[in-house]
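Just upload-v4.cif here, mmCIF, C-alpha atoms and all ligand atoms:
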```
data_work
#
loop_
_atom_site.label_atom_id
_atom_site.label_comp_id
_atom_site.auth_asym_id
_atom_site.auth_seq_id
_atom_site.Cartn_x
_atom_site.Cartn_y
_atom_site.Cartn_z
CA MET A 293 77.09 120.33 109.51
CA ILE A 294 76.41 117.29 111.74
CA LEU A 295 79.29 114.85 111.95
CA PRO A 296 79.16 111.34 113.42
CA ASP A 297 80.56 110.64 116.87
CA PHE A 298 84.22 109.75 116.97
CA THR A 299 84.36 105.97 117.26
CA PRO A 300 88.05 105.07 117.34
CA VAL A 301 87.50 101.37 118.01
CA SER A 302 86.13 100.66 114.54
CA SER A 303 87.64 97.57 112.98
CA LYS A 304 88.01 99.47 109.71
CA PRO A 305 90.48 102.27 109.13
CA VAL A 306 88.79 105.60 109.71
CA LEU A 307 89.61 108.94 108.21
CA PRO A 308 89.33 110.95 111.37
CA SER A 309 88.24 114.47 112.04
CA HIS A 310 89.33 116.61 114.96
CA ARG A 311 85.68 117.64 115.18
CA HIS A 312 84.88 114.21 116.55
CA LEU A 313 86.33 115.00 119.95
CA PRO A 314 83.76 114.67 122.70
CA ALA A 315 82.93 117.65 124.93
CA SER A 316 80.60 117.92 127.91
CA ARG A 317 77.55 120.21 127.76
CA ILE A 318 79.06 122.51 130.37
CA SER A 319 82.31 122.85 128.45
CA GLN A 320 80.37 123.42 125.23
CA ALA A 321 78.36 126.20 126.90
CA CYS A 322 81.56 127.84 128.28
CA ASP A 323 83.11 127.45 124.87
CA GLY A 324 80.20 129.26 123.23
CA ILE A 325 80.34 132.15 125.70
CA LEU A 326 84.12 132.47 125.45
CA ASN A 327 83.89 132.44 121.68
CA LEU A 328 81.49 135.37 121.76
CA ILE A 329 83.86 137.42 123.90
CA PHE A 330 87.24 136.22 122.60
CA PRO A 331 86.76 134.48 119.25
CA ASP A 332 89.34 131.73 118.72
CA ARG A 333 91.12 131.48 115.41
CA CYS A 334 92.80 128.71 113.45
CA PHE A 335 96.51 128.94 114.27
CA LEU A 336 97.36 128.02 110.70
CA CYS A 337 95.13 130.36 108.68
CA THR A 338 93.35 132.57 111.30
CA ALA A 339 89.83 131.48 110.21
CA PRO A 340 87.34 131.52 113.12
CA VAL A 341 87.03 128.19 114.95
CA ALA A 342 85.05 126.76 117.87
CA ARG A 343 87.30 126.99 120.90
CA LEU A 344 87.08 123.46 122.30
CA ARG A 345 85.76 121.46 119.41
CA ASP A 346 88.31 122.47 116.81
CA CYS A 347 91.58 122.48 118.84
CA SER A 348 92.43 125.81 117.11
CA VAL A 349 92.48 124.21 113.66
CA CYS A 350 89.75 124.97 111.13
CA GLY A 351 88.11 122.20 109.12
CA ASP A 352 89.74 123.42 105.93
CA CYS A 353 93.31 123.22 107.32
CA TRP A 354 92.58 119.86 108.97
CA GLY A 355 91.25 118.54 105.67
CA LYS A 356 94.42 119.68 103.88
CA ALA A 357 96.59 118.01 106.55
CA VAL A 358 94.68 114.73 106.25
CA SER A 359 94.93 114.88 102.44
CA LEU A 360 98.72 114.53 102.83
CA ARG A 361 98.18 110.87 103.70
CA LEU A 362 100.85 108.56 102.26
CA LYS A 363 99.77 106.20 99.55
CA PRO A 364 101.50 102.96 98.53
CA PRO A 365 103.84 101.84 97.17
CA TRP A 366 106.37 102.33 99.94
CA CYS A 367 109.50 100.59 101.15
CA PRO A 368 108.36 97.46 103.05
CA SER A 369 111.21 97.96 105.52
CA CYS A 370 111.19 101.66 106.46
CA GLY A 371 107.90 102.87 104.94
CA LEU A 372 109.49 105.49 102.67
CA PRO A 373 106.93 106.21 99.93
CA PHE A 374 108.22 105.64 96.42
CA GLN A 375 107.48 108.47 94.02
CA MET A 376 108.12 106.55 90.81
CA MET A 377 107.71 102.89 91.58
CA PRO A 378 105.42 100.56 89.59
CA LEU A 379 102.68 99.13 91.80
CA THR A 380 103.55 95.58 90.80
CA ASP A 381 107.09 95.73 92.22
CA GLU A 382 106.18 94.73 95.76
CA GLY A 383 108.97 93.93 98.17
CA HIS A 384 111.40 96.36 96.55
CA LEU A 385 113.55 98.10 99.18
CA CYS A 386 114.51 101.79 99.14
CA GLY A 387 118.14 102.75 98.56
CA ALA A 388 119.01 103.16 102.26
CA CYS A 389 117.41 99.85 103.30
CA SER A 390 119.11 97.95 100.46
CA VAL A 391 122.47 99.15 101.85
CA GLN A 392 121.61 98.49 105.49
CA ILE A 393 118.40 96.90 106.79
CA PRO A 394 117.17 98.83 109.84
CA PRO A 395 116.77 96.97 113.15
CA PHE A 396 113.00 97.55 113.28
CA SER A 397 110.63 95.14 111.54
CA GLY A 398 108.60 97.73 109.68
CA ALA A 399 107.63 101.38 109.81
CA ARG A 400 104.47 103.24 108.91
CA SER A 401 103.62 106.94 108.93
CA PHE A 402 100.25 108.56 108.33
CA GLY A 403 101.28 111.37 105.99
CA TYR A 404 103.97 113.52 104.47
CA TYR A 405 105.79 115.89 106.82
CA ALA A 406 104.83 118.84 104.66
CA ALA A 407 102.51 121.86 104.45
CA GLN A 408 99.60 121.75 106.95
CA LEU A 409 100.59 118.40 108.48
CA SER A 410 104.11 119.59 109.35
CA ARG A 411 102.71 122.85 110.74
CA LEU A 412 100.26 120.92 112.90
CA VAL A 413 103.06 118.74 114.28
CA GLN A 414 105.25 121.80 114.89
CA GLY A 415 102.38 123.63 116.62
CA PHE A 416 101.80 120.57 118.82
CA LYS A 417 105.46 120.27 119.71
CA PHE A 418 106.97 123.74 119.74
CA GLU A 419 103.94 125.93 120.54
CA ARG A 420 102.84 123.52 123.26
CA ARG A 421 99.43 122.90 121.71
CA ARG A 422 98.88 119.77 123.75
CA ASN A 423 95.21 119.57 122.77
CA LEU A 424 96.37 118.41 119.33
CA ALA A 425 97.49 115.08 120.84
CA LYS A 426 94.06 113.44 120.47
CA PRO A 427 93.34 114.47 116.87
CA LEU A 428 96.90 113.59 115.83
CA ALA A 429 96.56 110.24 117.62
CA SER A 430 93.36 109.63 115.64
CA ILE A 431 95.33 109.84 112.39
CA LEU A 432 97.97 107.55 113.93
CA ALA A 433 95.14 105.13 114.74
CA SER A 434 93.98 105.29 111.16
CA ALA A 435 97.46 104.36 109.83
CA TYR A 436 97.74 101.65 112.51
CA LEU A 437 94.46 99.98 111.53
CA GLU A 438 95.46 100.02 107.86
CA THR A 439 98.71 98.24 108.66
CA TRP A 440 98.40 95.96 111.67
CA ARG A 441 95.89 93.86 113.56
CA ARG A 442 94.72 95.43 116.80
CA GLU A 443 96.33 92.62 118.83
CA GLU A 444 99.62 92.81 116.88
CA PHE A 445 101.62 94.40 119.70
CA GLU A 446 102.07 93.65 123.37
CA LEU A 447 103.60 96.99 124.25
CA VAL A 448 103.41 100.58 122.94
CA VAL A 449 106.52 102.65 123.67
CA PRO A 450 106.95 106.37 122.92
CA VAL A 451 110.37 107.57 121.78
CA PRO A 452 111.65 109.32 124.93
CA LEU A 453 113.09 112.82 125.16
CA HIS A 454 116.20 113.55 127.17
CA PRO A 455 115.08 114.78 130.64
CA ARG A 456 116.60 118.21 130.01
CA ARG A 457 114.65 118.69 126.78
CA ARG A 458 111.50 117.34 128.38
CA ARG A 459 111.84 119.90 131.17
CA GLU A 460 112.26 122.71 128.62
CA ARG A 461 109.22 121.63 126.58
CA GLY A 462 107.10 120.61 129.55
CA PHE A 463 106.03 117.34 127.94
CA ASN A 464 107.15 114.59 125.60
CA GLN A 465 105.06 114.84 122.45
CA ALA A 466 105.61 111.16 121.61
CA ALA A 467 104.35 110.11 125.06
CA LEU A 468 101.16 112.18 124.64
CA LEU A 469 100.59 110.63 121.20
CA ALA A 470 101.24 107.08 122.46
CA ALA A 471 98.90 107.55 125.44
CA ALA A 472 96.11 108.92 123.22
CA LEU A 473 96.64 106.10 120.70
CA GLN A 474 96.53 103.47 123.45
CA GLU A 475 93.28 104.96 124.70
CA GLN A 476 91.68 105.20 121.26
CA LEU A 477 92.59 101.66 120.17
CA MET A 478 92.54 100.11 123.65
CA LEU A 479 96.10 98.87 123.26
CA PRO A 480 98.02 97.43 126.21
CA CYS A 481 99.74 100.16 128.16
CA SER A 482 102.48 100.21 130.76
CA GLU A 483 105.21 102.48 132.02
CA SER A 484 107.71 103.38 129.36
CA PRO A 485 110.69 101.03 129.57
CA LEU A 486 112.97 103.32 127.56
CA SER A 487 114.93 106.44 128.46
CA ARG A 488 117.17 108.82 126.56
CA VAL A 489 120.54 108.94 128.20
CA ARG A 490 122.37 111.24 125.81
CA ASP A 491 121.06 114.66 124.83
CA THR A 492 121.86 114.45 121.16
CA LEU A 493 122.43 117.37 118.82
CA PRO A 494 119.51 118.46 116.64
CA GLN A 495 119.49 116.14 113.61
CA VAL A 496 118.75 118.89 111.11
CA GLY A 497 121.66 119.55 108.77
CA LEU A 498 123.65 116.43 109.72
CA SER A 499 124.70 113.84 107.17
CA ASP A 500 123.43 110.25 107.55
CA ALA A 501 126.75 109.14 109.03
CA GLU A 502 126.75 112.07 111.48
CA ARG A 503 123.15 111.30 112.50
CA GLN A 504 124.06 107.69 113.25
CA ARG A 505 127.12 108.78 115.28
CA ASN A 506 125.00 111.40 117.05
CA LEU A 507 122.43 108.82 118.12
CA ARG A 508 124.68 105.88 119.01
CA SER A 509 123.81 104.67 122.53
CA ALA A 510 121.38 107.57 122.94
CA PHE A 511 118.73 105.25 124.43
CA ARG A 512 118.70 102.76 127.27
CA CYS A 513 116.09 100.22 128.27
CA ASP A 514 115.61 100.62 132.04
CA ARG A 515 113.00 97.90 132.42
CA PRO A 516 114.09 94.92 130.32
CA ALA A 517 111.53 92.67 132.05
CA LEU A 518 108.76 94.75 130.44
CA VAL A 519 110.02 94.26 126.89
CA ARG A 520 111.51 90.76 127.00
CA ASP A 521 110.00 88.57 124.30
CA ARG A 522 107.37 91.22 123.51
CA ARG A 523 106.33 92.67 120.15
CA VAL A 524 106.78 96.39 120.59
CA LEU A 525 105.29 99.35 118.73
CA LEU A 526 107.49 102.42 118.91
CA VAL A 527 105.63 105.73 118.50
CA ASP A 528 106.99 109.14 117.52
CA ASP A 529 105.74 112.33 115.88
CA VAL A 530 108.04 112.48 112.85
CA MET A 531 110.39 110.06 111.12
CA THR A 532 113.14 111.68 109.07
CA THR A 533 115.97 109.31 108.14
CA GLY A 534 114.87 106.73 110.69
CA ALA A 535 118.14 107.08 112.67
CA THR A 536 116.32 107.98 115.91
CA VAL A 537 113.82 105.12 115.79
CA ALA A 538 116.61 102.75 114.69
CA SER A 539 118.67 103.67 117.74
CA ALA A 540 115.64 103.31 120.07
CA SER A 541 114.77 99.97 118.42
CA GLU A 542 118.30 98.69 119.02
CA ALA A 543 118.01 99.47 122.73
CA LEU A 544 114.68 97.58 122.91
CA LEU A 545 115.98 94.60 120.92
CA THR A 546 119.16 94.43 123.01
CA ALA A 547 116.89 94.28 126.08
CA GLY A 548 115.17 91.23 124.58
CA ALA A 549 112.17 92.59 122.62
CA ARG A 550 111.00 90.02 120.07
CA SER A 551 110.38 92.69 117.45
CA VAL A 552 109.98 96.44 117.12
CA SER A 553 107.77 98.23 114.59
CA VAL A 554 107.49 101.97 114.17
CA LEU A 555 104.49 104.28 113.80
CA THR A 556 104.74 108.05 113.30
CA VAL A 557 102.32 110.82 112.40
CA ALA A 558 104.47 112.16 109.58
CA ARG A 559 107.34 111.13 107.34
CA ALA A 560 109.88 113.59 106.00
CA VAL A 561 110.53 112.72 102.37
CA PRO A 562 113.41 114.41 100.51
CA GLY A 563 112.11 116.95 98.02
CA ILE A 564 108.59 117.20 99.54
CA GLU A 565 107.98 120.12 101.89
ZN ZN B 601 92.78 127.07 109.12
ZN ZN B 602 113.50 101.68 103.21
#
```

Final structure tokens representation of the file:
Amino acid sequence: MILPDFTPVSSKPVLPSHRHLPASRISQACDGILNLIFPDRCFLCTAPVARLRDCSVCGDCWGKAVSLRLKPPWCPSCGLPFQMMPLTDEGHLCGACSVQIPPFSGARSFGYYAAQLSRLVQGFKFERRRNLAKPLASILASAYLETWRREEFELVVPVPLHPRRRRERGFNQAALLAAALQEQLMLPCSESPLSRVRDTLPQVGLSDAERQRNLRSAFRCDRPALVRDRRVLLVDDVMTTGATVASASEALLTAGARSVSVLTVARAVPGIE
């Protein structure tokens, strides 16, 4: 099957394919030879895949991941998709946002943190499959173009990891995603102004109040001059309750950012796994 070249700078939202990644002729030839000797397999379902082109994910699994795309209506404040909301009731906030409005100006995720999409994100993050950064950034770009104008933000900031956790993992997944997104959409880039100063406990299993306590003052803006009076897009892999991005947003706003919006690959939604 012949697929079109990956053109991430389209003005229209694109439904991306990991097969659109460019590869040189030499790397394609090496890929073909290596595949003959050591066939590569999809890390989700073990179907055979092309080594370089497919990033170890077969077209079928990628298609299932992309089909988990969120559809409106969703909370205009935090982006939580409503499961049973009439389409006409625009502007209706979710339960959490009606109790306390988050500090960020809006949040958008590409898809549900479930099934193939959650396994892709976990493979990227925990199995160190760094070559998934570009295809995952292409789905971030798709959600971005659906939501904002290209010139909406003056700064793209990845949610930082604590240095100790970054050393353990070898990379910050949010930084790889933000860099690939900046490249694909030609967004303004700069050094990250934010750092994580407290190594917080894993959020899994904590109540909302415990999560907020866990994350209080977890972030610090080291370069306030970079963010002052700027509209900032904060990028992460997954948004669960929003406590992490809320805490990072507070640090940016305290440093003088004009606004902070949030973009993530996936959104954990209670009851959907
Ligand atoms: Zn597969
Ligand atoms: Zn909400």

Using 8 Å as the limit and counting all atoms listed in the file, can you tabulate each residue of chain A that touches ligand ZN 601 (chain B), with its shortest atom-to-atom distance in Å and the two atoms involved, as a Markdown table?
```
| residue | atom | partner | partner_atom | distance |
| --- | --- | --- | --- | --- |
| A:Arg333 | CA | B:ZN601 | ZN | 7.9 |
| A:Cys334 | CA | B:ZN601 | ZN | 4.6 |
| A:Phe335 | CA | B:ZN601 | ZN | 6.6 |
| A:Leu336 | CA | B:ZN601 | ZN | 4.9 |
| A:Cys337 | CA | B:ZN601 | ZN | 4.1 |
| A:Thr338 | CA | B:ZN601 | ZN | 5.9 |
| A:Ala339 | CA | B:ZN601 | ZN | 5.4 |
| A:Val349 | CA | B:ZN601 | ZN | 5.4 |
| A:Cys350 | CA | B:ZN601 | ZN | 4.2 |
| A:Gly351 | CA | B:ZN601 | ZN | 6.7 |
| A:Asp352 | CA | B:ZN601 | ZN | 5.7 |
| A:Cys353 | CA | B:ZN601 | ZN | 4.3 |
| A:Trp354 | CA | B:ZN601 | ZN | 7.2 |
```

Return as JSON lines the residues of chain A lying at most 8 Å from ligand ZN 602 (chain B), together with the closest atom-to-atom pair for each and the distance in Å to one decimal, counting only C-alpha atoms and all ligand atoms, with rows in chain order and ascending residue number.
```
{"residue": "A:Trp366", "atom": "CA", "partner": "B:ZN602", "partner_atom": "ZN", "distance": 7.9}
{"residue": "A:Cys367", "atom": "CA", "partner": "B:ZN602", "partner_atom": "ZN", "distance": 4.6}
{"residue": "A:Pro368", "atom": "CA", "partner": "B:ZN602", "partner_atom": "ZN", "distance": 6.7}
{"residue": "A:Ser369", "atom": "CA", "partner": "B:ZN602", "partner_atom": "ZN", "distance": 4.9}
{"residue": "A:Cys370", "atom": "CA", "partner": "B:ZN602", "partner_atom": "ZN", "distance": 4.0}
{"residue": "A:Gly371", "atom": "CA", "partner": "B:ZN602", "partner_atom": "ZN", "distance": 6.0}
{"residue": "A:Leu372", "atom": "CA", "partner": "B:ZN602", "partner_atom": "ZN", "distance": 5.6}
{"residue": "A:Leu385", "atom": "CA", "partner": "B:ZN602", "partner_atom": "ZN", "distance": 5.4}
{"residue": "A:Cys386", "atom": "CA", "partner": "B:ZN602", "partner_atom": "ZN", "distance": 4.2}
{"residue": "A:Gly387", "atom": "CA", "partner": "B:ZN602", "partner_atom": "ZN", "distance": 6.7}
{"residue": "A:Ala388", "atom": "CA", "partner": "B:ZN602", "partner_atom": "ZN", "distance": 5.8}
{"residue": "A:Cys389", "atom": "CA", "partner": "B:ZN602", "partner_atom": "ZN", "distance": 4.3}
{"residue": "A:Ser390", "atom": "CA", "partner": "B:ZN602", "partner_atom": "ZN", "distance": 7.3}
{"residue": "A:Ile393", "atom": "CA", "partner": "B:ZN602", "partner_atom": "ZN", "distance": 7.7}
```

Writer output for current selection, C-alpha atoms, as a PDB file, in the frame of the given file:
```pdb
ATOM      1  CA  TRP A 366     106.370 102.330  99.940  1.00  0.00           C
ATOM      2  CA  CYS A 367     109.500 100.590 101.150  1.00  0.00           C
ATOM      3  CA  PRO A 368     108.360  97.460 103.050  1.00  0.00           C
ATOM      4  CA  SER A 369     111.210  97.960 105.520  1.00  0.00           C
ATOM      5  CA  CYS A 370     111.190 101.660 106.460  1.00  0.00           C
ATOM      6  CA  GLY A 371     107.900 102.870 104.940  1.00  0.00           C
ATOM      7  CA  LEU A 372     109.490 105.490 102.670  1.00  0.00           C
ATOM      8  CA  LEU A 385     113.550  98.100  99.180  1.00  0.00           C
ATOM      9  CA  CYS A 386     114.510 101.790  99.140  1.00  0.00           C
ATOM     10  CA  GLY A 387     118.140 102.750  98.560  1.00  0.00           C
ATOM     11  CA  ALA A 388     119.010 103.160 102.260  1.00  0.00           C
ATOM     12  CA  CYS A 389     117.410  99.850 103.300  1.00  0.00           C
ATOM     13  CA  SER A 390     119.110  97.950 100.460  1.00  0.00           C
ATOM     14  CA  ILE A 393     118.400  96.900 106.790  1.00  0.00           C
TER      15      ILE A 393
END
```

**OP:** Could you check which of A:Cys347, A:Met531, A:Val451, A:Leu412 is closest to Asn464 in chain A, using all atoms listed in the file?
**Re:**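 Smallest separation from Asn464 in chain A among the options: A:Val451.
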
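Our summary of the geometry notes that CA of Gly415 in chain A is positioned 15.6 Å from CA of Glu460 in chain A.
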
**OP:** Using all atoms listed in the file, find the one residue out of A:Thr556, A:Ser539, A:Ser410, A:Gln375 that sits nearest to Ala467 in chain A.
**Re:** A:Thr556

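The gap separating CA of Thr533 in chain A from CA of Gly563 in chain A is 13.3 Å, in Å to one decimal.
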
**OP:** Return the single residue from A:Val557, A:Ala470, A:Val391, A:Leu326 that is closest to Val413 in chain A, with distances computed using all atoms listed in the file.
**Re:**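 The shortest atom-to-atom distance to Val413 in chain A comes from A:Val557.
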
Subject >> All residues 10 Å or closer to Leu447 in chain A, only C-alpha atoms, same chain fewer than 5 positions away omitted, as a PyMOL selection string >> reply: chain A and resi 474+479-485+518-519+522-526+549+552

Original post:
In Å, how far is it from CA of Arg411 in chain A to CA of Cys322 in chain A?
Top reply: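 CA of Arg411 in chain A sits 27.9 Å away from CA of Cys322 in chain A.
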
Original post:
Leaving out Phe416 in chain A and any residue of its chain fewer than 6 positions from it, which residues lie within 10 Å of it when counting all atoms listed in the file, given as a list in words?
Top reply: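 Everything that qualifies: Ser410, Arg422, Asn423, Leu424, Ala425, Leu428, Gln465 and Asp529 of chain A.
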
Centre and edge lengths of an axis-aligned box around all listed atoms of range 339-351 of chain A, with 5 Å added on each side, are to be given in Å to one decimal, as lines of an AutoDock Vina configuration file.
```
center_x = 88.8
center_y = 126.5
center_z = 115.7
size_x = 17.4
size_y = 20.1
size_z = 23.2
```

Original post:
Between A:Ala517, A:Leu360, A:Ala342, A:Val527, which is the closest to Ala433 in chain A once you count all atoms listed in the file?
Top reply: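 Among the listed residues, the smallest separation from Ala433 in chain A belongs to A:Val527.
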
Original post:
Near Asp332 in chain A, counting all atoms listed in the file, which residues have an atom at most 6 Å away, once you skip same-chain residues fewer than 2 positions from it, shown as a PyMOL selection string?
Top reply: chain A and resi 340-341+343

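Shortest atom-to-atom contact with Ser397 in chain A among A:Arg459, A:Arg550, A:Arg361, A:Arg559: A:Arg550, counting all atoms listed in the file.
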
Original post:
Of the candidates A:Pro450, A:Pro562, A:Gly548, A:Gly355, which shows the shortest atom-to-atom distance to Tyr405 in chain A, using all atoms listed in the file?
Top reply: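 That would be A:Pro562, the residue with the smallest distance to Tyr405 in chain A.
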